[in-house]
Amino acid sequence: MAVLPFNEQRIDDVPVRERHEELVYNRPKALTDRHTHYCPGCTHGIAHRLVAEVIDELGIREDTILVASVGCSVFAYNYFEVDSCEAAHGRAPAMATGVKRVHPDKIVFTYQGDGDLASIGMGEIIHTAARGEKITTIFINNAVYGMTGGQMAPTSLPGQKTTSSPFGRDLMLCGAPIRVAELIANLDGTVFSVRRSLHDARHIIQAKKAIRTAFEAQIKGLGFSIVELLSSCPTNWGMTATESLDWIRDSMIPTYPLGDYKIAPELVTKKR
C-alpha cells in the first residue's frame, strides 16, 4: 500500500499536520488559561496537560471531579476546568471515596505527589485500593519532598542526597524506596496499576495512553485505577531541566521499572 507524504495524510478528512498543530498549540478545554506556579523544568505541567487532553477526548469534562492533594500540586484545582475540592494532607483518596459514593455517576480522580500519597497518605491509598473504590489516582513520583524544601521522601533513591539526607539515603537507617505501582497492584480492588515516565516524547505518549485507560477503567465501573508517573524536580535535585530528564532515565527508571503491574481482563485489549 502506498504511503502518502505527511502533508497529504488525513484523519477524518482533516490533514494530519492540522491535527498535530491543533494538539500542540491549542489549549485543551479542560485546562485553564493561567500561568503555572511550578518551577521551570518541572514536569507537573506535562502531567496536567495529559490529564486535560484525556478528559477532553473522553468527553467527560462536565462530569469530572478533581480532588487535589497537599504538596507541589496543592494548586492543581487552579489548572483544570472541572469541579474540584481540596483535601487535607494525604486524605485525597478518602475525600474522593466520599465524593464518588455520593455521586457514583461522576468521574472522580486524585492528583497526588509522593509525599502526600506514599508518606502521610499511605494508609488512605492502600485502603482505598483494597476496597476497590471506583476512582482514579494520578501519582507523581519525583523522589523528593518538593514543596517543603527537598527533604528525603519515601520514594527517594538509595544514596540520593536531599536536604535531610546530605550524605545520601542510607538503607540501613531509612529503609528502601517504596514502589507504589507494584504495591497497589497486589490488592484485589485494584484493576489498573502501571508506571510510566515523563522524561521524553515517546514516554509522554505512553503516559497519556495509560492515563486514558485508567479513566476508562473508572467509566466502566471496574474498580480502583492508578498511574504512577516518574517526574522531574530540577530545583530540589540541583540540576538543569535537561539534566533532570536524563536523571529520570538513568537513575530513577532502574529503581522504578516502567511497566504494567496489574490490568483487569476488561482492559487488556487496549493498546497503552
# chains A, B, ... in the order shown; residues from 1 in each chain; ligands from 1
>>> residues_around(residues="Asn236 in chain A", least_positions_apart="4", cutoff="9 Å", atoms="only C-alpha atoms", output="VMD selection string")
chain A and resid 144 to 146 149 to 151 162 to 163
>>> residues_around(residues="range 34-43 of chain A", least_positions_apart="3", cutoff="12 Å", atoms="only C-alpha atoms", output="number ranges by chain")
A: 27, 31, 46-50, 71-81, 140-142, 146-147, 197-200, 204, 229-245, 248
>>> select_by_dssp(residues="range 71-226 of chain A", states="strand (DSSP E or B)", output="VMD selection string")
chain A and resid 80 83 to 86 107 to 113 136 to 141 145 151 162 165 190 to 197 224 to 226
>>> closest_residue(among="A:Ala88, A:Ile178, A:Leu171, A:Val194", to="Ile263 in chain A", atoms="only C-alpha atoms")
A:Val194
>>> residues_around(residues="Ala176 in chain A", least_positions_apart="5", cutoff="10 Å", atoms="only C-alpha atoms", output="short mmCIF file (atom, residue, chain, number, x, y, z; two decimals) with N, CA and C atoms, in the first residue's frame")
data_model
loop_
_atom_site.label_atom_id
_atom_site.label_comp_id
_atom_site.auth_asym_id
_atom_site.auth_seq_id
_atom_site.Cartn_x
_atom_site.Cartn_y
_atom_site.Cartn_z
N PRO A 154 9.64 8.98 50.85
CA PRO A 154 9.61 7.52 50.84
C PRO A 154 10.09 6.94 49.52
N THR A 155 10.08 7.75 48.47
CA THR A 155 10.48 7.29 47.15
C THR A 155 11.91 7.69 46.78
N SER A 156 12.62 8.39 47.67
CA SER A 156 13.99 8.80 47.37
C SER A 156 14.85 7.57 47.11
N LEU A 157 15.79 7.70 46.18
CA LEU A 157 16.61 6.56 45.76
C LEU A 157 17.70 6.25 46.78
N PRO A 158 18.18 5.02 46.81
CA PRO A 158 19.32 4.69 47.68
C PRO A 158 20.51 5.58 47.35
N ARG A 169 20.74 8.74 50.95
CA ARG A 169 19.80 7.86 51.67
C ARG A 169 20.49 6.59 52.11
N ASP A 170 20.49 6.35 53.40
CA ASP A 170 21.11 5.17 53.99
C ASP A 170 20.02 4.12 54.20
N LEU A 171 20.12 3.01 53.48
CA LEU A 171 19.08 1.99 53.57
C LEU A 171 19.00 1.35 54.94
#
>>> closest_residue(among="A:Asp114, A:Asp188, A:Glu266, A:Glu57", to="Arg131 in chain A", atoms="only C-alpha atoms")
A:Asp188
>>> select_by_dssp(residues="range 7-252 of chain A", states="helix (DSSP H, G or I)", output="PDB file with C-alpha atoms, in the first residue's frame")
ATOM      1  CA  ASN A   7       1.412  16.824   4.090  1.00  0.00           C
ATOM      2  CA  GLU A   8      -1.221  14.760   2.269  1.00  0.00           C
ATOM      3  CA  VAL A  16      -2.656  15.221   9.744  1.00  0.00           C
ATOM      4  CA  ARG A  17      -0.481  18.335  10.041  1.00  0.00           C
ATOM      5  CA  GLU A  18      -3.501  20.388  11.134  1.00  0.00           C
ATOM      6  CA  ARG A  19      -4.374  17.752  13.719  1.00  0.00           C
ATOM      7  CA  HIS A  20      -0.806  17.805  15.063  1.00  0.00           C
ATOM      8  CA  GLU A  21      -0.746  21.602  15.211  1.00  0.00           C
ATOM      9  CA  GLU A  22      -4.122  21.639  16.956  1.00  0.00           C
ATOM     10  CA  LEU A  23      -2.832  19.220  19.591  1.00  0.00           C
ATOM     11  CA  VAL A  24       0.431  21.095  20.144  1.00  0.00           C
ATOM     12  CA  TYR A  25      -0.705  24.719  20.014  1.00  0.00           C
ATOM     13  CA  HIS A  44       3.895  18.562  36.618  1.00  0.00           C
ATOM     14  CA  GLY A  45       2.736  20.783  33.757  1.00  0.00           C
ATOM     15  CA  ILE A  46       3.127  17.956  31.257  1.00  0.00           C
ATOM     16  CA  ALA A  47       1.114  15.650  33.504  1.00  0.00           C
ATOM     17  CA  HIS A  48      -1.611  18.308  33.798  1.00  0.00           C
ATOM     18  CA  ARG A  49      -1.885  18.645  30.047  1.00  0.00           C
ATOM     19  CA  LEU A  50      -2.062  14.895  29.508  1.00  0.00           C
ATOM     20  CA  VAL A  51      -4.885  14.564  32.025  1.00  0.00           C
ATOM     21  CA  ALA A  52      -6.723  17.506  30.442  1.00  0.00           C
ATOM     22  CA  GLU A  53      -6.361  16.080  26.934  1.00  0.00           C
ATOM     23  CA  VAL A  54      -7.743  12.724  28.076  1.00  0.00           C
ATOM     24  CA  ILE A  55     -10.697  14.386  29.818  1.00  0.00           C
ATOM     25  CA  ASP A  56     -11.494  16.279  26.617  1.00  0.00           C
ATOM     26  CA  GLU A  57     -11.105  13.256  24.371  1.00  0.00           C
ATOM     27  CA  LEU A  58     -13.386  11.146  26.565  1.00  0.00           C
ATOM     28  CA  ARG A  61     -15.280  17.416  31.442  1.00  0.00           C
ATOM     29  CA  GLU A  62     -18.737  18.299  32.783  1.00  0.00           C
ATOM     30  CA  ASP A  63     -18.858  15.078  34.808  1.00  0.00           C
ATOM     31  CA  CYS A  72       3.654  20.983  44.933  1.00  0.00           C
ATOM     32  CA  SER A  73       0.325  20.078  43.337  1.00  0.00           C
ATOM     33  CA  VAL A  74      -1.677  21.861  46.035  1.00  0.00           C
ATOM     34  CA  PHE A  75      -2.965  24.358  43.447  1.00  0.00           C
ATOM     35  CA  ALA A  76      -3.917  21.701  40.885  1.00  0.00           C
ATOM     36  CA  TYR A  77      -7.527  22.879  41.083  1.00  0.00           C
ATOM     37  CA  ASN A  78      -6.415  26.177  39.508  1.00  0.00           C
ATOM     38  CA  ALA A  92      -7.349  12.865  48.936  1.00  0.00           C
ATOM     39  CA  PRO A  93      -8.301   9.183  48.465  1.00  0.00           C
ATOM     40  CA  ALA A  94     -10.665   9.340  51.460  1.00  0.00           C
ATOM     41  CA  MET A  95     -12.325  12.516  50.196  1.00  0.00           C
ATOM     42  CA  ALA A  96     -12.524  11.076  46.680  1.00  0.00           C
ATOM     43  CA  THR A  97     -14.177   7.975  48.120  1.00  0.00           C
ATOM     44  CA  GLY A  98     -16.870  10.108  49.730  1.00  0.00           C
ATOM     45  CA  VAL A  99     -17.397  12.172  46.587  1.00  0.00           C
ATOM     46  CA  LYS A 100     -17.693   9.083  44.391  1.00  0.00           C
ATOM     47  CA  ARG A 101     -20.113   7.335  46.719  1.00  0.00           C
ATOM     48  CA  VAL A 102     -22.352  10.398  46.844  1.00  0.00           C
ATOM     49  CA  ASP A 114       4.908  11.033  46.579  1.00  0.00           C
ATOM     50  CA  GLY A 115       4.941  12.810  49.950  1.00  0.00           C
ATOM     51  CA  ASP A 116       1.172  13.159  50.047  1.00  0.00           C
ATOM     52  CA  LEU A 117       0.443   9.643  48.801  1.00  0.00           C
ATOM     53  CA  ALA A 118       3.349   7.465  49.925  1.00  0.00           C
ATOM     54  CA  SER A 119       4.021   9.019  53.337  1.00  0.00           C
ATOM     55  CA  ILE A 120       1.231  10.675  55.328  1.00  0.00           C
ATOM     56  CA  MET A 122      -0.138   5.737  52.588  1.00  0.00           C
ATOM     57  CA  GLY A 123      -2.905   4.278  54.738  1.00  0.00           C
ATOM     58  CA  GLU A 124      -5.528   6.168  52.751  1.00  0.00           C
ATOM     59  CA  ILE A 125      -4.377   4.987  49.336  1.00  0.00           C
ATOM     60  CA  ILE A 126      -3.896   1.377  50.448  1.00  0.00           C
ATOM     61  CA  HIS A 127      -7.375   1.038  51.931  1.00  0.00           C
ATOM     62  CA  THR A 128      -8.981   2.902  49.030  1.00  0.00           C
ATOM     63  CA  ALA A 129      -7.423   0.421  46.611  1.00  0.00           C
ATOM     64  CA  ALA A 130      -8.229  -2.542  48.858  1.00  0.00           C
ATOM     65  CA  ARG A 131     -11.896  -1.529  48.872  1.00  0.00           C
ATOM     66  CA  LEU A 171      19.082   1.985  53.565  1.00  0.00           C
ATOM     67  CA  MET A 172      20.130   0.697  56.985  1.00  0.00           C
ATOM     68  CA  LEU A 173      18.666   3.784  58.657  1.00  0.00           C
ATOM     69  CA  CYS A 174      15.803   4.720  56.375  1.00  0.00           C
ATOM     70  CA  VAL A 180       3.857   2.183  44.803  1.00  0.00           C
ATOM     71  CA  ALA A 181       2.674   0.746  41.474  1.00  0.00           C
ATOM     72  CA  GLU A 182       3.822  -2.749  42.450  1.00  0.00           C
ATOM     73  CA  LEU A 183       2.406  -2.418  45.981  1.00  0.00           C
ATOM     74  CA  ILE A 184      -1.036  -1.270  44.851  1.00  0.00           C
ATOM     75  CA  ALA A 185      -1.143  -3.974  42.168  1.00  0.00           C
ATOM     76  CA  ALA A 201       8.325  12.433  23.949  1.00  0.00           C
ATOM     77  CA  ARG A 202       7.950   8.691  23.422  1.00  0.00           C
ATOM     78  CA  HIS A 203       7.340   8.032  27.097  1.00  0.00           C
ATOM     79  CA  ILE A 204       4.971  11.002  27.380  1.00  0.00           C
ATOM     80  CA  ILE A 205       2.814   9.472  24.623  1.00  0.00           C
ATOM     81  CA  GLN A 206       2.805   6.177  26.531  1.00  0.00           C
ATOM     82  CA  ALA A 207       1.874   8.021  29.727  1.00  0.00           C
ATOM     83  CA  LYS A 208      -1.135   9.598  28.062  1.00  0.00           C
ATOM     84  CA  LYS A 209      -2.382   6.226  26.841  1.00  0.00           C
ATOM     85  CA  ALA A 210      -2.097   4.862  30.380  1.00  0.00           C
ATOM     86  CA  ILE A 211      -3.999   7.826  31.829  1.00  0.00           C
ATOM     87  CA  ARG A 212      -6.771   7.291  29.303  1.00  0.00           C
ATOM     88  CA  THR A 213      -7.018   3.592  30.173  1.00  0.00           C
ATOM     89  CA  ALA A 214      -7.160   4.442  33.892  1.00  0.00           C
ATOM     90  CA  PHE A 215     -10.114   6.753  33.310  1.00  0.00           C
ATOM     91  CA  GLU A 216     -11.761   4.173  31.061  1.00  0.00           C
ATOM     92  CA  ALA A 217     -11.488   1.651  33.898  1.00  0.00           C
ATOM     93  CA  GLN A 218     -13.481   4.038  36.074  1.00  0.00           C
ATOM     94  CA  ILE A 219     -16.014   4.769  33.361  1.00  0.00           C
ATOM     95  CA  PRO A 234      15.262  20.240  38.872  1.00  0.00           C
ATOM     96  CA  THR A 235      15.116  22.739  41.752  1.00  0.00           C
ATOM     97  CA  ASN A 236      15.438  20.232  44.574  1.00  0.00           C
ATOM     98  CA  TRP A 237      17.670  17.876  42.633  1.00  0.00           C
ATOM     99  CA  ALA A 241      15.958  20.887  33.322  1.00  0.00           C
ATOM    100  CA  THR A 242      17.816  18.768  30.760  1.00  0.00           C
ATOM    101  CA  GLU A 243      19.950  17.076  33.409  1.00  0.00           C
ATOM    102  CA  SER A 244      16.855  16.214  35.420  1.00  0.00           C
ATOM    103  CA  LEU A 245      15.254  14.435  32.466  1.00  0.00           C
ATOM    104  CA  ASP A 246      18.439  12.431  31.964  1.00  0.00           C
ATOM    105  CA  TRP A 247      18.451  11.580  35.681  1.00  0.00           C
ATOM    106  CA  ILE A 248      14.957  10.110  35.408  1.00  0.00           C
ATOM    107  CA  ARG A 249      16.158   7.922  32.550  1.00  0.00           C
ATOM    108  CA  ASP A 250      19.494   6.900  34.049  1.00  0.00           C
ATOM    109  CA  SER A 251      18.761   6.763  37.794  1.00  0.00           C
ATOM    110  CA  MET A 252      15.045   6.608  38.509  1.00  0.00           C
TER     111      MET A 252
END
>>> atom_distance(atom1="CA of Arg91 in chain A", atom2="CA of Gln112 in chain A")
9.9 Å
>>> atom_distance(atom1="CA of His89 in chain A", atom2="CA of Val227 in chain A")
19.8 Å
>>> residues_around(residues="Ser225 in chain A", least_positions_apart="3", cutoff="7 Å", atoms="only C-alpha atoms", output="list in words")
Ile135, Thr136, Thr137, Thr190, Val191, Phe192, Ser193, Ala214 and Ala217 of chain A
>>> atom_distance(atom1="CA of Thr110 in chain A", atom2="CA of Phe224 in chain A")
11.4 Å
>>> decode(residues="range 171-207 of chain A", atoms="N, CA and C atoms", output="short mmCIF file (atom, residue, chain, number, x, y, z; two decimals), in the first residue's frame")
data_model
loop_
_atom_site.label_atom_id
_atom_site.label_comp_id
_atom_site.auth_asym_id
_atom_site.auth_seq_id
_atom_site.Cartn_x
_atom_site.Cartn_y
_atom_site.Cartn_z
N LEU A 171 20.12 3.01 53.48
CA LEU A 171 19.08 1.99 53.57
C LEU A 171 19.00 1.35 54.94
N MET A 172 20.14 1.28 55.65
CA MET A 172 20.13 0.70 56.99
C MET A 172 19.34 1.56 57.96
N LEU A 173 19.36 2.87 57.76
CA LEU A 173 18.67 3.78 58.66
C LEU A 173 17.24 4.09 58.21
N CYS A 174 17.07 4.19 56.90
CA CYS A 174 15.80 4.72 56.37
C CYS A 174 14.98 3.72 55.57
N GLY A 175 15.53 2.55 55.35
CA GLY A 175 14.80 1.57 54.55
C GLY A 175 14.92 1.84 53.06
N ALA A 176 14.30 1.00 52.28
CA ALA A 176 14.38 1.08 50.82
C ALA A 176 13.22 1.91 50.28
N PRO A 177 13.35 2.42 49.06
CA PRO A 177 12.26 3.17 48.43
C PRO A 177 11.01 2.30 48.29
N ILE A 178 9.85 2.95 48.37
CA ILE A 178 8.58 2.26 48.23
C ILE A 178 8.14 2.31 46.77
N ARG A 179 7.91 1.13 46.19
CA ARG A 179 7.46 1.05 44.81
C ARG A 179 5.94 0.95 44.82
N VAL A 180 5.30 2.08 44.62
CA VAL A 180 3.86 2.18 44.80
C VAL A 180 3.08 1.36 43.78
N ALA A 181 3.44 1.45 42.51
CA ALA A 181 2.67 0.75 41.47
C ALA A 181 2.63 -0.75 41.74
N GLU A 182 3.77 -1.33 42.15
CA GLU A 182 3.82 -2.75 42.45
C GLU A 182 3.01 -3.07 43.71
N LEU A 183 3.12 -2.20 44.72
CA LEU A 183 2.41 -2.42 45.98
C LEU A 183 0.89 -2.42 45.78
N ILE A 184 0.40 -1.40 45.08
CA ILE A 184 -1.04 -1.27 44.85
C ILE A 184 -1.56 -2.41 43.98
N ALA A 185 -0.72 -2.90 43.07
CA ALA A 185 -1.14 -3.97 42.17
C ALA A 185 -1.50 -5.25 42.90
N ASN A 186 -0.96 -5.44 44.11
CA ASN A 186 -1.22 -6.67 44.87
C ASN A 186 -2.58 -6.70 45.55
N LEU A 187 -3.30 -5.58 45.53
CA LEU A 187 -4.58 -5.50 46.21
C LEU A 187 -5.72 -5.90 45.27
N ASP A 188 -6.64 -6.68 45.79
CA ASP A 188 -7.71 -7.24 44.96
C ASP A 188 -8.59 -6.16 44.33
N GLY A 189 -8.76 -5.02 45.01
CA GLY A 189 -9.63 -3.98 44.49
C GLY A 189 -9.05 -3.18 43.35
N THR A 190 -7.76 -3.36 43.10
CA THR A 190 -7.09 -2.63 42.02
C THR A 190 -7.34 -3.31 40.69
N VAL A 191 -7.72 -2.52 39.68
CA VAL A 191 -7.94 -3.09 38.35
C VAL A 191 -6.91 -2.58 37.34
N PHE A 192 -6.21 -1.51 37.69
CA PHE A 192 -5.22 -0.96 36.75
C PHE A 192 -4.14 -0.25 37.55
N SER A 193 -2.91 -0.75 37.46
CA SER A 193 -1.77 -0.14 38.15
C SER A 193 -0.55 -0.23 37.25
N VAL A 194 -0.09 0.93 36.77
CA VAL A 194 1.04 0.96 35.85
C VAL A 194 1.99 2.08 36.24
N ARG A 195 3.21 2.00 35.71
CA ARG A 195 4.18 3.10 35.90
C ARG A 195 4.67 3.56 34.54
N ARG A 196 4.66 4.87 34.35
CA ARG A 196 5.16 5.50 33.14
C ARG A 196 6.12 6.62 33.52
N SER A 197 6.71 7.26 32.52
CA SER A 197 7.67 8.34 32.77
C SER A 197 7.38 9.52 31.84
N LEU A 198 7.86 10.70 32.27
CA LEU A 198 7.63 11.92 31.51
C LEU A 198 8.94 12.54 31.00
N HIS A 199 9.97 11.71 30.80
CA HIS A 199 11.28 12.28 30.51
C HIS A 199 11.57 12.50 29.03
N ASP A 200 10.75 11.96 28.13
CA ASP A 200 10.94 12.26 26.70
C ASP A 200 9.61 12.04 25.98
N ALA A 201 9.58 12.42 24.70
CA ALA A 201 8.32 12.43 23.95
C ALA A 201 7.70 11.05 23.85
N ARG A 202 8.50 10.04 23.59
CA ARG A 202 7.95 8.69 23.42
C ARG A 202 7.27 8.23 24.70
N HIS A 203 7.91 8.47 25.83
CA HIS A 203 7.34 8.03 27.10
C HIS A 203 6.14 8.89 27.51
N ILE A 204 6.12 10.14 27.10
CA ILE A 204 4.97 11.00 27.38
C ILE A 204 3.74 10.48 26.64
N ILE A 205 3.92 10.05 25.39
CA ILE A 205 2.81 9.47 24.62
C ILE A 205 2.29 8.22 25.32
N GLN A 206 3.21 7.38 25.81
CA GLN A 206 2.81 6.18 26.53
C GLN A 206 2.07 6.52 27.82
N ALA A 207 2.53 7.60 28.49
CA ALA A 207 1.87 8.02 29.73
C ALA A 207 0.43 8.44 29.47
#
